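Since the structure comes first, as structure tokens, the remarks are kept for the end.
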Amino acid sequence: MFLTLVIISTIYSATLQDAYNEANSMYGYDKYIILNSDSIYYGGLGLYEGDIFIDGRGAIIDLQAGNGIWIYSDEYYPCSLTIQYSTILNGAYYGLSFGGNSTGSVENCNFVNNDMGIKLYDESNVNITNSNFIDNITYGIGIYTEEPICNISYCNSWNNGEYDFMENCPGWGNIWTPWEPNPGIELIYQDPKFIDIDNLNFGYLESSPCIDAGNPEQLDLDGSIRDIGANYISNILEGDCNSDNEQNIIDVVYNLNNCIIDELIESCQCSDMNGDNEFNILDIVML
């Protein structure tokens with residue numbers, strides 16, 4: 001039964017709303033959404049209740065000049081969003097918006113050609129790391145009022161229309177001033193050198209400053225320091241735990257025997273197909 005549920009949650013979807021509707025609850029999340037790395041998902045999503053996880057796995061979310069992904073929470077209906085490895089683009093107003101007392105974690109994402117990459121309102125509290133803010137029309141991040149908490153680290157901002165990070169205080173009118181991230185750990189402001197941004201290839205050229213520039217306490221699957229952005233450069237084939245440069249049934253057996261049944265965690269980093277730092281049947285299904 002568990003296998004059946006996992007397979008249903010990974011069906012390809014034309015819209016992000018479809019992916020949300022089809023997702024199941026897993027790992028303590030009310031909705032655990034797994035996107036297909038080779039797919040483009042269209043349209044935004046409104047979240048106002050529950051704990052939501054979006055594992056983009058390098059997928060693209062094209063907002064098509066419409067609303068982005070918004071999260072709103074209050075004391076009666078708490079809501080949080082954790083999103084990773086997603087490229088969010090073409091939002092008319094924002095890529096992500098957090099309001100009320102919502103909380104969130106944004107890790108290894110790209111925000112490209114939105115009016116603002118991320119907007120924060122009210123008493124929202126968001127951690128942002130290993131992410132790109134590139135070519136957004138107005139700002140990379142826009143903060144309304146003094147209340148939101150935004151912790152940003154190991155991120156890259158480049159060529160945003162008016163400024164990278166701005167705040168509107170007290171939160172009304174058109175009074176914007178530059179916002180300096182605090183603590184703003186290891187931020188860079190450089191061309192990420194995507195392979196072909198015009199054709200939505202957000203992989204990196206070898207000269208990209210984003211390679212191995214993420215949080216040094218986090219590693220990519222090849223054991224190198226985490227890259228900034230939704231894609232990473234790897235010298236290993238995901239799931240190839242016997243190192244024969246092939247991804248096949250032998251790796252499935254290896255992962256099942258050594259990483260799930262016997263739980264030999266120290267030898268199983270290569271089997272973490274969804275990058276959640278756990279080795280379980282979900283990784284087997286992906287492999």
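Convention: chains lettered A, B, ... in structure tokens order; per-chain residue numbering from 1; ligands numbered from 1 as shown.
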message: Could you go through region 78-199 of chain A and tell me which residues DSSP, when run on the backbone, assigns to strand (DSSP E or B), listing them as a PyMOL selection string?
response: chain A and resi 79-89+96-100+103-112+116-120+125-129+132-134+139-144+149-153+156-158+163-168+176-178+185+188+194-196
Within 10 Å of Ser86 (chain A) using only C-alpha atoms, minus same-chain residues under 4 positions, as a PyMOL selection string: chain A and resi 35+37+54-61+106-111+131+229-231
Taking only residues of region 21-111 of chain A that have an atom at most 10 Å from an atom of region 194-201 of chain A, what is each one's shortest atom pair and its distance in Å to one decimal, using only C-alpha atoms, in chain and number order, as a tab-separated table?
```
residue	atom	partner	partner_atom	distance
A:Ile40	CA	A:Leu200	CA	9.7
A:Ile60	CA	A:Leu200	CA	8.2
A:Thr87	CA	A:Leu200	CA	9.4
A:Leu89	CA	A:Leu200	CA	9.9
```
message: Just want the 10 Å neighbourhood of Gly140 (chain A), counted on only C-alpha atoms, with same-chain residues fewer than 3 positions away dropped. Output as a list in words.
response: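 Residues near the query, excluding close chain neighbours: Tyr94, Gly95, Phe111, Val112, Asn113, Asn114, Asp115, Met116, Gly117, Ile118, Lys119, Asn132, Phe133, Ile134, Asp135, Asn136, Ile137, Asn156, Ser157, Trp158, Asn159, Asn160, Gly161, Glu162, Tyr163, Asp164, Phe165 and Met166 of chain A.
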- prompt: Which polymer residues have any atom within 9 Å of an atom of Leu187 (chain A), counting only C-alpha atoms, with same-chain residues fewer than 2 positions away left out, as a PyMOL selection string?
  reply: chain A and resi 152-157+184-185+189
- request: Give me the residues within 7 Å of region 121-130 of chain A as a list in words, counting only C-alpha atoms and dropping any in the same chain fewer than 6 places off.
  value: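 Residues near the query, excluding close chain neighbours: Phe98, Gly99, Gly100, Asn101, Ser102, Thr103, Gly104, Ser105, Val106, Glu107, Asn108, Ile143, Tyr144, Thr145, Glu147, Pro148, Ile149, Cys150, Asn151, Ile152, Ser153, Tyr154, Cys155, Gly214, Asn215, Asp227, Ile228 and Gly229 of chain A.
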Writing out the chosen residues with N, CA, C and O atoms as a CSV table (one decimal), in the first residue's frame:
```csv
chain,number,residue,atom,x,y,z
A,98,PHE,N,4.9,35.4,1.7
A,98,PHE,CA,4.5,34.9,3.0
A,98,PHE,C,3.8,36.0,3.8
A,98,PHE,O,4.4,37.1,3.8
A,99,GLY,N,2.7,35.7,4.3
A,99,GLY,CA,1.9,36.7,5.1
A,99,GLY,C,1.4,36.1,6.4
A,99,GLY,O,1.5,34.9,6.7
A,100,GLY,N,0.8,37.0,7.2
A,100,GLY,CA,0.3,36.6,8.5
A,100,GLY,C,1.5,36.2,9.4
A,100,GLY,O,2.5,36.9,9.4
A,101,ASN,N,1.3,35.1,10.1
A,101,ASN,CA,2.4,34.6,10.9
A,101,ASN,C,2.9,33.3,10.3
A,101,ASN,O,3.4,32.4,11.1
A,102,SER,N,2.9,33.2,9.0
A,102,SER,CA,3.4,32.0,8.3
A,102,SER,C,4.9,31.9,8.5
A,102,SER,O,5.6,32.9,8.7
A,103,THR,N,5.4,30.6,8.4
A,103,THR,CA,6.8,30.4,8.4
A,103,THR,C,7.2,29.6,7.2
A,103,THR,O,6.4,29.0,6.5
A,104,GLY,N,8.5,29.7,6.9
A,104,GLY,CA,9.0,29.0,5.7
A,104,GLY,C,10.4,28.8,5.7
A,104,GLY,O,11.2,29.4,6.4
A,105,SER,N,10.8,27.9,4.8
A,105,SER,CA,12.2,27.6,4.5
A,105,SER,C,12.4,27.5,3.0
A,105,SER,O,11.7,26.7,2.4
A,106,VAL,N,13.3,28.3,2.5
A,106,VAL,CA,13.5,28.3,1.0
A,106,VAL,C,15.0,27.9,0.8
A,106,VAL,O,15.9,28.6,1.2
A,107,GLU,N,15.2,26.7,0.2
A,107,GLU,CA,16.6,26.2,0.0
A,107,GLU,C,16.8,25.8,-1.4
A,107,GLU,O,16.0,25.1,-2.0
A,108,ASN,N,17.9,26.2,-1.9
A,108,ASN,CA,18.3,25.8,-3.3
A,108,ASN,C,17.2,26.1,-4.3
A,108,ASN,O,16.8,25.2,-5.0
A,143,ILE,N,10.4,43.5,1.5
A,143,ILE,CA,9.9,43.3,2.8
A,143,ILE,C,9.0,44.4,3.2
A,143,ILE,O,9.4,45.6,3.1
A,144,TYR,N,7.7,44.1,3.6
A,144,TYR,CA,6.8,45.1,4.0
A,144,TYR,C,6.7,45.1,5.5
A,144,TYR,O,6.5,44.1,6.2
A,145,THR,N,6.7,46.3,6.1
A,145,THR,CA,6.7,46.6,7.6
A,145,THR,C,7.9,46.1,8.3
A,145,THR,O,8.8,45.4,7.7
A,147,GLU,N,7.9,43.9,10.8
A,147,GLU,CA,7.7,42.7,11.5
A,147,GLU,C,8.3,41.4,10.9
A,147,GLU,O,8.7,40.6,11.7
A,148,PRO,N,8.3,41.3,9.6
A,148,PRO,CA,8.8,40.0,9.1
A,148,PRO,C,10.3,39.7,9.5
A,148,PRO,O,11.1,40.6,9.6
A,149,ILE,N,10.6,38.4,9.7
A,149,ILE,CA,11.9,38.0,10.0
A,149,ILE,C,12.4,37.3,8.7
A,149,ILE,O,11.8,36.3,8.3
A,150,CYS,N,13.5,37.7,8.2
A,150,CYS,CA,14.1,37.1,7.0
A,150,CYS,C,15.6,36.8,7.3
A,150,CYS,O,16.4,37.7,7.3
A,151,ASN,N,15.9,35.5,7.4
A,151,ASN,CA,17.3,35.1,7.6
A,151,ASN,C,17.8,34.6,6.2
A,151,ASN,O,17.3,33.6,5.7
A,152,ILE,N,18.8,35.2,5.7
A,152,ILE,CA,19.3,34.9,4.3
A,152,ILE,C,20.7,34.6,4.4
A,152,ILE,O,21.5,35.4,5.0
A,153,SER,N,21.2,33.5,3.8
A,153,SER,CA,22.6,33.1,3.8
A,153,SER,C,22.9,32.4,2.5
A,153,SER,O,22.1,31.7,1.9
A,154,TYR,N,24.2,32.5,2.1
A,154,TYR,CA,24.7,31.7,1.0
A,154,TYR,C,23.8,31.8,-0.2
A,154,TYR,O,23.5,30.9,-0.9
A,155,CYS,N,23.5,33.1,-0.6
A,155,CYS,CA,22.6,33.3,-1.7
A,155,CYS,C,23.3,34.2,-2.7
A,155,CYS,O,24.3,34.9,-2.4
A,214,GLY,N,27.5,27.3,-1.7
A,214,GLY,CA,26.4,27.3,-0.8
A,214,GLY,C,26.9,27.0,0.7
A,214,GLY,O,28.1,27.2,0.9
A,215,ASN,N,26.0,26.6,1.5
A,215,ASN,CA,26.4,26.4,2.9
A,215,ASN,C,27.4,25.3,3.0
A,215,ASN,O,27.1,24.1,2.6
A,227,ASP,N,26.0,23.6,-3.8
A,227,ASP,CA,25.9,24.7,-4.8
A,227,ASP,C,24.8,25.6,-4.5
A,227,ASP,O,23.8,25.2,-3.8
A,228,ILE,N,24.8,26.8,-5.0
A,228,ILE,CA,23.7,27.7,-4.9
A,228,ILE,C,22.8,27.4,-6.1
A,228,ILE,O,23.3,27.2,-7.2
A,229,GLY,N,21.5,27.5,-5.9
A,229,GLY,CA,20.6,27.3,-7.0
A,229,GLY,C,19.9,25.9,-7.0
A,229,GLY,O,20.1,25.1,-6.2
```
field: Two-atom distance - CA of Leu63 (chain A), CA of Cys79 (chain A) (Å)
entry: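 That distance, rounded to one decimal, is 21.5 Å.
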field: Long-range neighbours of Ala65 (chain A) as a PyMOL selection string, 9 Å cut-off, only C-alpha atoms, 2 positions minimum in chain
entry: chain A and resi 43+62-63+67-68+89-93+114
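For the pair CA of Ile281 (chain A) and CA of Ser80 (chain A), the interatomic distance is 25.5 Å.
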